[in-house]
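Chemist: To start, I am sharing the structure in question, which I have written as structure tokens.
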Amino acid sequence: MKSMVHKYKKNNRNSVSKIIFTLAIFLFSIALFSQTTVSGKVVDEKGNPISGANVFIEGTYDGTASDEKGDFTFTTTTTGNQTLVVSFLVYETSKTVIDVSNFKNKTIKLRDNVNTLDAVVITAGNLEAGDKARVSVLKPLDIVTTAGSAGNIIAALQTLPGTQNVGEDGRLFVRGGEANETQTFVDGIRVAQPYGASAQNLPTRGRFSPFLFSGISFSTGGYSAEYGEALSSVLLLNTQDEPDQNKTEISLMTVGLGLGNTQKWKKSSLSVNTAYINLAPYQVLIKQNVDWNSPYQSLSGETVYRYNFNNGILKLYAAFDSSKFDINQENINSSEKTRVDLNNTNFYFNSSYKGGFGNNWQITSGLSYGYSKNKINLDLDEVANDENAAHLKLKLKKSFSDRVKLSFGADYFITKFNEDFKENLGATNTNGYNSNIGAVYTEADIFFSKKFAAKAGLRASYNDLLNETAISPRVSLAYKMAKNSQLSMAYGDFSQTPNVDYIKYSKFHQFESEKASHYILNYQYNKNGKTFRAEVYYKDYSNLVKYDTQAIKDNSVFNNNGSGYAKGFDLFWRDGKSIKNLEYWISYSYIDTERDYRNFPAQVTPNFVADHTLSVVTKYWINNWKSQIGFTNLYSSGRPYNNPNETKFMNGKTKSYNSLSFNWAYLLTTQKILYFSVSNVLGSQNVFGYDYAKNPDATGVYNRAVIMPTADRFFFVGFFWTISNDKKDNQLKNL
């Protein structure tokens, strides 16, 4: 009986095992036969196969990689509609909803990723320097390591194509435009008074030191609809987003002292720079071509505070300077010199916020306030003027995809200017103006492919002082011809309120905005530290201000019937790789321009324009000497001037201008630098032009006085000491 029971249990166990085994085989067969094969081919936009692309069903491990022919095949247990993902390096990731049971031998086409480093970027009219520049013609802060610039950003920019070297003025003249036709922005917010105060034929400097700026964008024309009130150019200065470490910088110079400090915390940082300049000791040693009663002195300072939020950054920037000088200037209309005693106070503040929110939205906002006050004694006459200027800005940007981005925003400019002129006999004249300009704009960035992109925008503004509305369309295109070269073109209409020298008489006269249209074609090549740019342009001026008197007065008759043009081409070559430790760039500009404006009796070339301009900048590091040496040579052909002794207007031309400058930075230790520079090493006797007497002498001849530099050469010696956490940082890149 027991054996029968045992035999029954054994047979039962065998039956259960067979059932389990059979069931497993059945279930495996079901799973095997329920898998579906997905297959196809991955190609680029030209139909070329892409090898190594990652192909998979989203949310699963089912997938494979394409082979050398672009083919792929894999099986999946998923059913119905699924998302097939295909991705590979420099291409946009493709996501396609497919029916798994019916996706065989299909072709997936990948589009070029427009965010790659070799994608096209619009460059017409634009020169950039900085870490964030997609195509940079200059390295970060390299723009101020130029011999002869003496730490002046504006002087360094004058070595770039499209600019004019107007040595008796010192400001930025671009492609036939006057200096007031260029607007300066710090972190996207306008600076109403970007230059220091000066007197006639005495050059000024830009107010900003290079130490706090990490990026510079210099547009010589055709710029974005985001910017207005500039006929020729915009200069965008971007402060550093984040300093690398705590540090203190000390400067001892033949012309003054400087001190800077940066403190960095977890989410915020603060940088402060101060400087005191006094040319009196220097001018005791170096003979000047002018008669100083009290040489130039200034006290200045800048500060930037930054706070990093999770999705944005807030910056507060402030700068001030107070300057004065007292000079006796030659007066061709008098046997006595004219005494000019000037005191200037300037303050500038801006705040800006840039960040992201929502679904691919970006916001940029800010405001600025600028105040400038001049007190000028002209012999026994007194001039006092002050300007209060503010700018409010809001910009929103939406990225609909990597290929389509839309920006729109608004600006509001407020300017109040007042000037009192008190004659020595006691009469006082008061002039000035209040201007409010509101503007809205929109602009679209469209990337049709990695090789073709467009930017199109429209700006509309209303000026209550002129009672005028201006509509300004702007468009730019770029096409990538080859891996390292591209073509760009730009067109734009631009308008600007007339210069303060005119508009301050607006209570007596009705003015209109001055206008210009830009047409630009650009070619750029960039590879392995070498950059070549060639650009041709045409500018059409209209509505320029004219007046009917020898000098601008309140009783002058003004109109906006002036016109003009500027056309030419610019060439730029930079090479930092061919010769070890040597970097250099060469700029050449040719311009043909004429204007009928001011009190001109005919359309002629203005006196600040040279037809040909050439600059060569070199920087060489000598390792054994622990030194960087540099040379800059500036050349320009003669500039026109009007000789009243001749019948034809603006018939004279000065001799060519040439100046060779040299600098030498020697590292005493890693953080201590001894620096020496000299401008116009060869002592060229350069002439900027001539001042002619208002009336002829007894023989009927108009006498003249030459306009020349304040000194044949400028020598500079400085000691720069950096104290930082890593004990390696220094100021060499800023010199």
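Each chain in the structure tokens gets a letter, A, B, ..., in the order shown, and its residues are numbered from 1; ligands are numbered from 1 in order too.
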Would you list the contacts of range 416-433 of chain A as a PyMOL selection string, taking every protein, DNA or RNA residue within 8 Å and counting only C-alpha atoms, but skipping same-chain residues closer than 6 positions in sequence?
Modeler: chain A and resi 380-389+503-507
Chemist: Could you turn the residues from that selection into a file that holds C-alpha atoms, as a CSV table (one decimal), in the first residue's frame?
Modeler:
chain,number,residue,atom,x,y,z
A,380,LEU,CA,35.4,136.8,-18.4
A,381,ASP,CA,32.4,134.9,-19.8
A,382,GLU,CA,30.8,132.1,-17.8
A,383,VAL,CA,29.0,129.0,-19.2
A,384,ALA,CA,27.2,126.5,-16.9
A,385,ASN,CA,25.2,123.6,-18.2
A,386,ASP,CA,23.8,120.4,-16.8
A,387,GLU,CA,22.1,117.3,-18.2
A,388,ASN,CA,19.9,114.8,-16.5
A,389,ALA,CA,19.2,111.7,-18.6
A,503,ILE,CA,18.5,121.1,-30.2
A,504,LYS,CA,19.2,123.4,-27.2
A,505,TYR,CA,17.6,126.2,-29.3
A,506,SER,CA,14.4,124.2,-29.8
A,507,LYS,CA,12.3,126.9,-28.1
Chemist: I want to know what sits within 12 Å of Asn467 in chain A, based on only C-alpha atoms, with residues of the same chain fewer than 5 positions away left out; could you give that as an MDAnalysis selection string?
Modeler: chainID A and resid 435:438 461:462 497 506 510:513
Chemist: The selected residues should be written to file as an mmCIF file, in the first residue's frame (atoms: N, CA, C and O atoms).
Modeler:
data_model
loop_
_atom_site.group_PDB
_atom_site.id
_atom_site.type_symbol
_atom_site.label_atom_id
_atom_site.label_comp_id
_atom_site.auth_asym_id
_atom_site.auth_seq_id
_atom_site.Cartn_x
_atom_site.Cartn_y
_atom_site.Cartn_z
ATOM 1 N N SER A 435 13.213 116.387 -23.382
ATOM 2 C CA SER A 435 12.838 115.433 -24.417
ATOM 3 C C SER A 435 12.436 114.110 -23.788
ATOM 4 O O SER A 435 13.115 113.601 -22.880
ATOM 5 N N ASN A 436 11.321 113.555 -24.266
ATOM 6 C CA ASN A 436 10.866 112.227 -23.858
ATOM 7 C C ASN A 436 10.630 111.404 -25.121
ATOM 8 O O ASN A 436 9.867 111.824 -26.003
ATOM 9 N N ILE A 437 11.295 110.271 -25.194
ATOM 10 C CA ILE A 437 11.181 109.413 -26.371
ATOM 11 C C ILE A 437 10.718 108.029 -25.920
ATOM 12 O O ILE A 437 11.381 107.373 -25.101
ATOM 13 N N GLY A 438 9.583 107.603 -26.442
ATOM 14 C CA GLY A 438 9.086 106.259 -26.175
ATOM 15 C C GLY A 438 9.230 105.399 -27.416
ATOM 16 O O GLY A 438 8.986 105.865 -28.537
ATOM 17 N N SER A 461 9.171 104.648 -32.734
ATOM 18 C CA SER A 461 9.434 105.556 -31.614
ATOM 19 C C SER A 461 8.673 106.860 -31.805
ATOM 20 O O SER A 461 8.366 107.268 -32.930
ATOM 21 N N TYR A 462 8.392 107.519 -30.679
ATOM 22 C CA TYR A 462 7.735 108.826 -30.707
ATOM 23 C C TYR A 462 8.528 109.795 -29.843
ATOM 24 O O TYR A 462 8.852 109.500 -28.689
ATOM 25 N N THR A 497 17.716 112.170 -32.640
ATOM 26 C CA THR A 497 17.472 113.569 -32.311
ATOM 27 C C THR A 497 18.714 114.389 -32.641
ATOM 28 O O THR A 497 19.832 113.951 -32.374
ATOM 29 N N SER A 506 15.718 124.674 -29.325
ATOM 30 C CA SER A 506 14.431 124.189 -29.830
ATOM 31 C C SER A 506 13.267 125.097 -29.435
ATOM 32 O O SER A 506 12.203 125.034 -30.055
ATOM 33 N N GLN A 510 11.827 124.687 -34.768
ATOM 34 C CA GLN A 510 11.272 123.338 -34.816
ATOM 35 C C GLN A 510 12.206 122.434 -35.611
ATOM 36 O O GLN A 510 12.505 122.703 -36.774
ATOM 37 N N PHE A 511 12.673 121.367 -34.972
ATOM 38 C CA PHE A 511 13.598 120.439 -35.615
ATOM 39 C C PHE A 511 12.890 119.134 -35.953
ATOM 40 O O PHE A 511 11.809 118.830 -35.439
ATOM 41 N N GLU A 512 13.536 118.364 -36.813
ATOM 42 C CA GLU A 512 13.114 117.001 -37.119
ATOM 43 C C GLU A 512 14.265 116.045 -36.824
ATOM 44 O O GLU A 512 15.421 116.464 -36.712
ATOM 45 N N SER A 513 13.953 114.757 -36.719
ATOM 46 C CA SER A 513 15.008 113.756 -36.515
ATOM 47 C C SER A 513 15.896 113.671 -37.749
ATOM 48 O O SER A 513 15.428 113.786 -38.880
#
Chemist: So, with only C-alpha atoms as the atoms that count, which of A:Lys46, A:Lys106, A:Lys266, A:Lys483 lies closest to Phe72 in chain A?
Modeler: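 Checking each of A:Lys46, A:Lys106, A:Lys266, A:Lys483 against Phe72 in chain A, counting only C-alpha atoms, the winner is A:Lys106.
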Chemist: Quick one: distance from CA of Thr96 in chain A to CA of Lys109 in chain A in Å, one decimal?
Modeler: 10.7 Å
Chemist: With distances taken over only C-alpha atoms, which of A:Val681, A:Ala516, A:Val557, A:Ala199 is nearest to Tyr541 in chain A?
Modeler: A:Ala516
Chemist: How many Å separate CA of Phe716 in chain A from CA of Leu667 in chain A?
Modeler: 16.7 Å
Chemist: Need the shell around range 224-233 of chain A: protein/DNA/RNA residues with any atom at most 7 Å away, counting only C-alpha atoms. Skip same-chain ones fewer than 3 positions apart. Format as a PyMOL selection string?
Modeler: chain A and resi 174+177+181-183+219-221+441+443+457-459+474+494-497+515-516
Chemist: Would you pick out the contacts of Ser269 in chain A at 12 Å or less, using only C-alpha atoms, so that residues sharing its chain but fewer than 6 positions from it are not included, and give the list as number ranges by chain?
Modeler: A: 240-247, 261-263, 303-308, 313-316
Chemist: Since we have the selection now, will you write its residues out, keeping N, CA and C atoms, as a PDB file, in the first residue's frame?
Modeler:
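This went into result_14.pdb:
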ATOM      1  N   GLN A 240      31.371  92.023 -16.166  1.00  0.00           N
ATOM      2  CA  GLN A 240      31.593  90.622 -15.849  1.00  0.00           C
ATOM      3  C   GLN A 240      30.397  90.056 -15.092  1.00  0.00           C
ATOM      4  N   ASP A 241      29.974  88.840 -15.488  1.00  0.00           N
ATOM      5  CA  ASP A 241      28.890  88.176 -14.767  1.00  0.00           C
ATOM      6  C   ASP A 241      29.358  87.659 -13.416  1.00  0.00           C
ATOM      7  N   GLU A 242      30.577  87.154 -13.385  1.00  0.00           N
ATOM      8  CA  GLU A 242      31.069  86.542 -12.155  1.00  0.00           C
ATOM      9  C   GLU A 242      32.588  86.622 -12.093  1.00  0.00           C
ATOM     10  N   PRO A 243      33.160  87.310 -11.113  1.00  0.00           N
ATOM     11  CA  PRO A 243      34.623  87.311 -10.962  1.00  0.00           C
ATOM     12  C   PRO A 243      35.110  85.946 -10.507  1.00  0.00           C
ATOM     13  N   ASP A 244      36.363  85.643 -10.795  1.00  0.00           N
ATOM     14  CA  ASP A 244      36.868  84.305 -10.484  1.00  0.00           C
ATOM     15  C   ASP A 244      37.294  84.147  -9.029  1.00  0.00           C
ATOM     16  N   GLN A 245      37.680  85.249  -8.355  1.00  0.00           N
ATOM     17  CA  GLN A 245      38.195  85.134  -6.992  1.00  0.00           C
ATOM     18  C   GLN A 245      38.286  86.505  -6.330  1.00  0.00           C
ATOM     19  N   ASN A 246      38.554  86.500  -5.027  1.00  0.00           N
ATOM     20  CA  ASN A 246      38.822  87.744  -4.310  1.00  0.00           C
ATOM     21  C   ASN A 246      40.191  88.270  -4.714  1.00  0.00           C
ATOM     22  N   LYS A 247      40.290  89.584  -4.918  1.00  0.00           N
ATOM     23  CA  LYS A 247      41.587  90.142  -5.270  1.00  0.00           C
ATOM     24  C   LYS A 247      41.603  91.648  -5.058  1.00  0.00           C
ATOM     25  N   ASN A 261      39.339  96.518  -5.874  1.00  0.00           N
ATOM     26  CA  ASN A 261      39.140  95.368  -4.988  1.00  0.00           C
ATOM     27  C   ASN A 261      37.887  94.619  -5.412  1.00  0.00           C
ATOM     28  N   THR A 262      37.963  93.280  -5.369  1.00  0.00           N
ATOM     29  CA  THR A 262      36.826  92.425  -5.684  1.00  0.00           C
ATOM     30  C   THR A 262      36.607  91.447  -4.541  1.00  0.00           C
ATOM     31  N   GLN A 263      35.371  91.367  -4.089  1.00  0.00           N
ATOM     32  CA  GLN A 263      34.988  90.408  -3.067  1.00  0.00           C
ATOM     33  C   GLN A 263      33.902  89.504  -3.623  1.00  0.00           C
ATOM     34  N   THR A 303      31.890 100.892  -9.624  1.00  0.00           N
ATOM     35  CA  THR A 303      31.581  99.715  -8.825  1.00  0.00           C
ATOM     36  C   THR A 303      30.503  98.883  -9.508  1.00  0.00           C
ATOM     37  N   VAL A 304      30.619  97.573  -9.367  1.00  0.00           N
ATOM     38  CA  VAL A 304      29.607  96.646  -9.881  1.00  0.00           C
ATOM     39  C   VAL A 304      29.252  95.661  -8.768  1.00  0.00           C
ATOM     40  N   TYR A 305      27.949  95.562  -8.479  1.00  0.00           N
ATOM     41  CA  TYR A 305      27.453  94.554  -7.544  1.00  0.00           C
ATOM     42  C   TYR A 305      26.618  93.561  -8.335  1.00  0.00           C
ATOM     43  N   ARG A 306      26.839  92.276  -8.089  1.00  0.00           N
ATOM     44  CA  ARG A 306      26.128  91.230  -8.810  1.00  0.00           C
ATOM     45  C   ARG A 306      25.474  90.277  -7.809  1.00  0.00           C
ATOM     46  N   TYR A 307      24.252  89.863  -8.101  1.00  0.00           N
ATOM     47  CA  TYR A 307      23.582  88.853  -7.283  1.00  0.00           C
ATOM     48  C   TYR A 307      22.969  87.816  -8.211  1.00  0.00           C
ATOM     49  N   ASN A 308      23.311  86.559  -7.975  1.00  0.00           N
ATOM     50  CA  ASN A 308      22.843  85.467  -8.811  1.00  0.00           C
ATOM     51  C   ASN A 308      21.628  84.789  -8.174  1.00  0.00           C
ATOM     52  N   ILE A 313      20.353  86.955 -13.114  1.00  0.00           N
ATOM     53  CA  ILE A 313      21.390  87.724 -12.454  1.00  0.00           C
ATOM     54  C   ILE A 313      20.997  89.196 -12.423  1.00  0.00           C
ATOM     55  N   LEU A 314      21.184  89.819 -11.267  1.00  0.00           N
ATOM     56  CA  LEU A 314      20.939  91.242 -11.076  1.00  0.00           C
ATOM     57  C   LEU A 314      22.283  91.947 -10.956  1.00  0.00           C
ATOM     58  N   LYS A 315      22.439  93.055 -11.711  1.00  0.00           N
ATOM     59  CA  LYS A 315      23.665  93.838 -11.647  1.00  0.00           C
ATOM     60  C   LYS A 315      23.330  95.291 -11.322  1.00  0.00           C
ATOM     61  N   LEU A 316      24.135  95.884 -10.467  1.00  0.00           N
ATOM     62  CA  LEU A 316      24.054  97.305 -10.169  1.00  0.00           C
ATOM     63  C   LEU A 316      25.412  97.910 -10.500  1.00  0.00           C
TER      64      LEU A 316
END
Chemist: Quick one: residues within 9 Å of Ala119 in chain A, only C-alpha atoms counted, chain neighbours fewer than 2 positions away excluded, as a PDB file with all heavy atoms, in the first residue's frame?
Modeler:
ATOM      1  N   ASP A 112      20.447  69.697 -39.159  1.00  0.00           N
ATOM      2  CA  ASP A 112      21.619  70.236 -38.476  1.00  0.00           C
ATOM      3  C   ASP A 112      21.204  70.982 -37.216  1.00  0.00           C
ATOM      4  O   ASP A 112      20.191  71.687 -37.188  1.00  0.00           O
ATOM      5  CB  ASP A 112      22.375  71.208 -39.388  1.00  0.00           C
ATOM      6  CG  ASP A 112      23.059  70.500 -40.542  1.00  0.00           C
ATOM      7  OD1 ASP A 112      23.445  69.333 -40.358  1.00  0.00           O
ATOM      8  OD2 ASP A 112      23.189  71.111 -41.618  1.00  0.00           O
ATOM      9  N   ASN A 113      22.007  70.843 -36.169  1.00  0.00           N
ATOM     10  CA  ASN A 113      21.777  71.572 -34.928  1.00  0.00           C
ATOM     11  C   ASN A 113      22.301  72.994 -35.095  1.00  0.00           C
ATOM     12  O   ASN A 113      23.498  73.215 -35.264  1.00  0.00           O
ATOM     13  CB  ASN A 113      22.496  70.873 -33.769  1.00  0.00           C
ATOM     14  CG  ASN A 113      22.129  71.476 -32.428  1.00  0.00           C
ATOM     15  OD1 ASN A 113      21.632  72.600 -32.346  1.00  0.00           O
ATOM     16  ND2 ASN A 113      22.377  70.720 -31.366  1.00  0.00           N
ATOM     17  N   VAL A 114      21.418  73.985 -35.020  1.00  0.00           N
ATOM     18  CA  VAL A 114      21.816  75.375 -35.254  1.00  0.00           C
ATOM     19  C   VAL A 114      22.556  75.974 -34.064  1.00  0.00           C
ATOM     20  O   VAL A 114      23.022  77.112 -34.126  1.00  0.00           O
ATOM     21  CB  VAL A 114      20.583  76.246 -35.594  1.00  0.00           C
ATOM     22  CG1 VAL A 114      19.939  75.758 -36.868  1.00  0.00           C
ATOM     23  CG2 VAL A 114      19.586  76.271 -34.441  1.00  0.00           C
ATOM     24  N   ASN A 115      22.660  75.240 -32.961  1.00  0.00           N
ATOM     25  CA  ASN A 115      23.370  75.756 -31.785  1.00  0.00           C
ATOM     26  C   ASN A 115      24.820  75.298 -31.714  1.00  0.00           C
ATOM     27  O   ASN A 115      25.529  75.621 -30.756  1.00  0.00           O
ATOM     28  CB  ASN A 115      22.647  75.327 -30.503  1.00  0.00           C
ATOM     29  CG  ASN A 115      21.322  76.050 -30.337  1.00  0.00           C
ATOM     30  OD1 ASN A 115      21.203  77.210 -30.712  1.00  0.00           O
ATOM     31  ND2 ASN A 115      20.331  75.368 -29.783  1.00  0.00           N
ATOM     32  N   THR A 116      25.291  74.583 -32.704  1.00  0.00           N
ATOM     33  CA  THR A 116      26.679  74.138 -32.683  1.00  0.00           C
ATOM     34  C   THR A 116      27.617  75.300 -32.959  1.00  0.00           C
ATOM     35  O   THR A 116      27.233  76.321 -33.525  1.00  0.00           O
ATOM     36  CB  THR A 116      26.913  73.037 -33.730  1.00  0.00           C
ATOM     37  OG1 THR A 116      26.519  73.531 -35.012  1.00  0.00           O
ATOM     38  CG2 THR A 116      26.113  71.790 -33.388  1.00  0.00           C
ATOM     39  N   LEU A 117      28.880  75.140 -32.586  1.00  0.00           N
ATOM     40  CA  LEU A 117      29.853  76.212 -32.717  1.00  0.00           C
ATOM     41  C   LEU A 117      30.118  76.584 -34.168  1.00  0.00           C
ATOM     42  O   LEU A 117      30.508  77.712 -34.463  1.00  0.00           O
ATOM     43  CB  LEU A 117      31.168  75.808 -32.042  1.00  0.00           C
ATOM     44  CG  LEU A 117      31.137  75.733 -30.511  1.00  0.00           C
ATOM     45  CD1 LEU A 117      32.477  75.251 -29.986  1.00  0.00           C
ATOM     46  CD2 LEU A 117      30.773  77.076 -29.906  1.00  0.00           C
ATOM     47  N   VAL A 121      26.356  82.599 -38.014  1.00  0.00           N
ATOM     48  CA  VAL A 121      26.028  83.683 -37.094  1.00  0.00           C
ATOM     49  C   VAL A 121      26.115  84.992 -37.866  1.00  0.00           C
ATOM     50  O   VAL A 121      27.019  85.185 -38.677  1.00  0.00           O
ATOM     51  CB  VAL A 121      26.972  83.689 -35.870  1.00  0.00           C
ATOM     52  CG1 VAL A 121      28.422  83.792 -36.286  1.00  0.00           C
ATOM     53  CG2 VAL A 121      26.613  84.823 -34.919  1.00  0.00           C
ATOM     54  N   SER A 449      18.492  76.761 -41.304  1.00  0.00           N
ATOM     55  CA  SER A 449      19.369  75.597 -41.200  1.00  0.00           C
ATOM     56  C   SER A 449      20.640  76.059 -40.498  1.00  0.00           C
ATOM     57  O   SER A 449      20.754  77.221 -40.102  1.00  0.00           O
ATOM     58  CB  SER A 449      19.707  75.034 -42.584  1.00  0.00           C
ATOM     59  OG  SER A 449      20.551  75.931 -43.293  1.00  0.00           O
ATOM     60  N   LYS A 450      21.581  75.151 -40.345  1.00  0.00           N
ATOM     61  CA  LYS A 450      22.859  75.523 -39.745  1.00  0.00           C
ATOM     62  C   LYS A 450      23.628  76.480 -40.642  1.00  0.00           C
ATOM     63  O   LYS A 450      24.538  77.180 -40.199  1.00  0.00           O
ATOM     64  CB  LYS A 450      23.688  74.260 -39.484  1.00  0.00           C
ATOM     65  CG  LYS A 450      24.928  74.509 -38.649  1.00  0.00           C
ATOM     66  CD  LYS A 450      25.559  73.216 -38.169  1.00  0.00           C
ATOM     67  CE  LYS A 450      26.214  72.452 -39.297  1.00  0.00           C
ATOM     68  NZ  LYS A 450      27.010  71.309 -38.796  1.00  0.00           N
ATOM     69  N   LYS A 451      23.220  76.560 -41.906  1.00  0.00           N
ATOM     70  CA  LYS A 451      23.940  77.394 -42.874  1.00  0.00           C
ATOM     71  C   LYS A 451      23.231  78.704 -43.222  1.00  0.00           C
ATOM     72  O   LYS A 451      23.837  79.583 -43.837  1.00  0.00           O
ATOM     73  CB  LYS A 451      24.171  76.598 -44.165  1.00  0.00           C
ATOM     74  CG  LYS A 451      25.154  75.456 -44.010  1.00  0.00           C
ATOM     75  CD  LYS A 451      25.455  74.828 -45.361  1.00  0.00           C
ATOM     76  CE  LYS A 451      26.528  73.758 -45.240  1.00  0.00           C
ATOM     77  NZ  LYS A 451      26.868  73.176 -46.563  1.00  0.00           N
ATOM     78  N   PHE A 452      21.976  78.844 -42.850  1.00  0.00           N
ATOM     79  CA  PHE A 452      21.232  80.025 -43.285  1.00  0.00           C
ATOM     80  C   PHE A 452      20.379  80.547 -42.139  1.00  0.00           C
ATOM     81  O   PHE A 452      19.589  79.801 -41.554  1.00  0.00           O
ATOM     82  CB  PHE A 452      20.358  79.677 -44.491  1.00  0.00           C
ATOM     83  CG  PHE A 452      19.612  80.853 -45.061  1.00  0.00           C
ATOM     84  CD1 PHE A 452      20.233  82.088 -45.234  1.00  0.00           C
ATOM     85  CD2 PHE A 452      18.283  80.721 -45.428  1.00  0.00           C
ATOM     86  CE1 PHE A 452      19.543  83.163 -45.766  1.00  0.00           C
ATOM     87  CE2 PHE A 452      17.581  81.792 -45.964  1.00  0.00           C
ATOM     88  CZ  PHE A 452      18.221  83.022 -46.128  1.00  0.00           C
ATOM     89  N   LYS A 480      26.226  80.415 -44.622  1.00  0.00           N
ATOM     90  CA  LYS A 480      27.516  79.764 -44.429  1.00  0.00           C
ATOM     91  C   LYS A 480      27.927  79.094 -45.733  1.00  0.00           C
ATOM     92  O   LYS A 480      27.319  78.115 -46.176  1.00  0.00           O
ATOM     93  CB  LYS A 480      27.432  78.745 -43.298  1.00  0.00           C
ATOM     94  CG  LYS A 480      28.778  78.350 -42.733  1.00  0.00           C
ATOM     95  CD  LYS A 480      28.597  77.565 -41.446  1.00  0.00           C
ATOM     96  CE  LYS A 480      29.935  77.285 -40.778  1.00  0.00           C
ATOM     97  NZ  LYS A 480      30.586  78.496 -40.286  1.00  0.00           N
ATOM     98  N   LYS A 483      32.806  75.477 -44.292  1.00  0.00           N
ATOM     99  CA  LYS A 483      32.920  75.203 -42.865  1.00  0.00           C
ATOM    100  C   LYS A 483      33.406  76.407 -42.083  1.00  0.00           C
ATOM    101  O   LYS A 483      32.955  76.661 -40.964  1.00  0.00           O
ATOM    102  CB  LYS A 483      33.866  74.017 -42.649  1.00  0.00           C
ATOM    103  CG  LYS A 483      34.003  73.617 -41.180  1.00  0.00           C
ATOM    104  CD  LYS A 483      34.915  72.421 -41.023  1.00  0.00           C
ATOM    105  CE  LYS A 483      35.034  72.026 -39.553  1.00  0.00           C
ATOM    106  NZ  LYS A 483      35.936  70.860 -39.367  1.00  0.00           N
TER     107      LYS A 483
END
Chemist: Between A:Ser615, A:Ser724, A:Ser627, A:Thr647, which is the closest to Gln164 in chain A once you count only C-alpha atoms?
Modeler: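 Of A:Ser615, A:Ser724, A:Ser627, A:Thr647, the one nearest Gln164 in chain A is A:Ser615, counting only C-alpha atoms.
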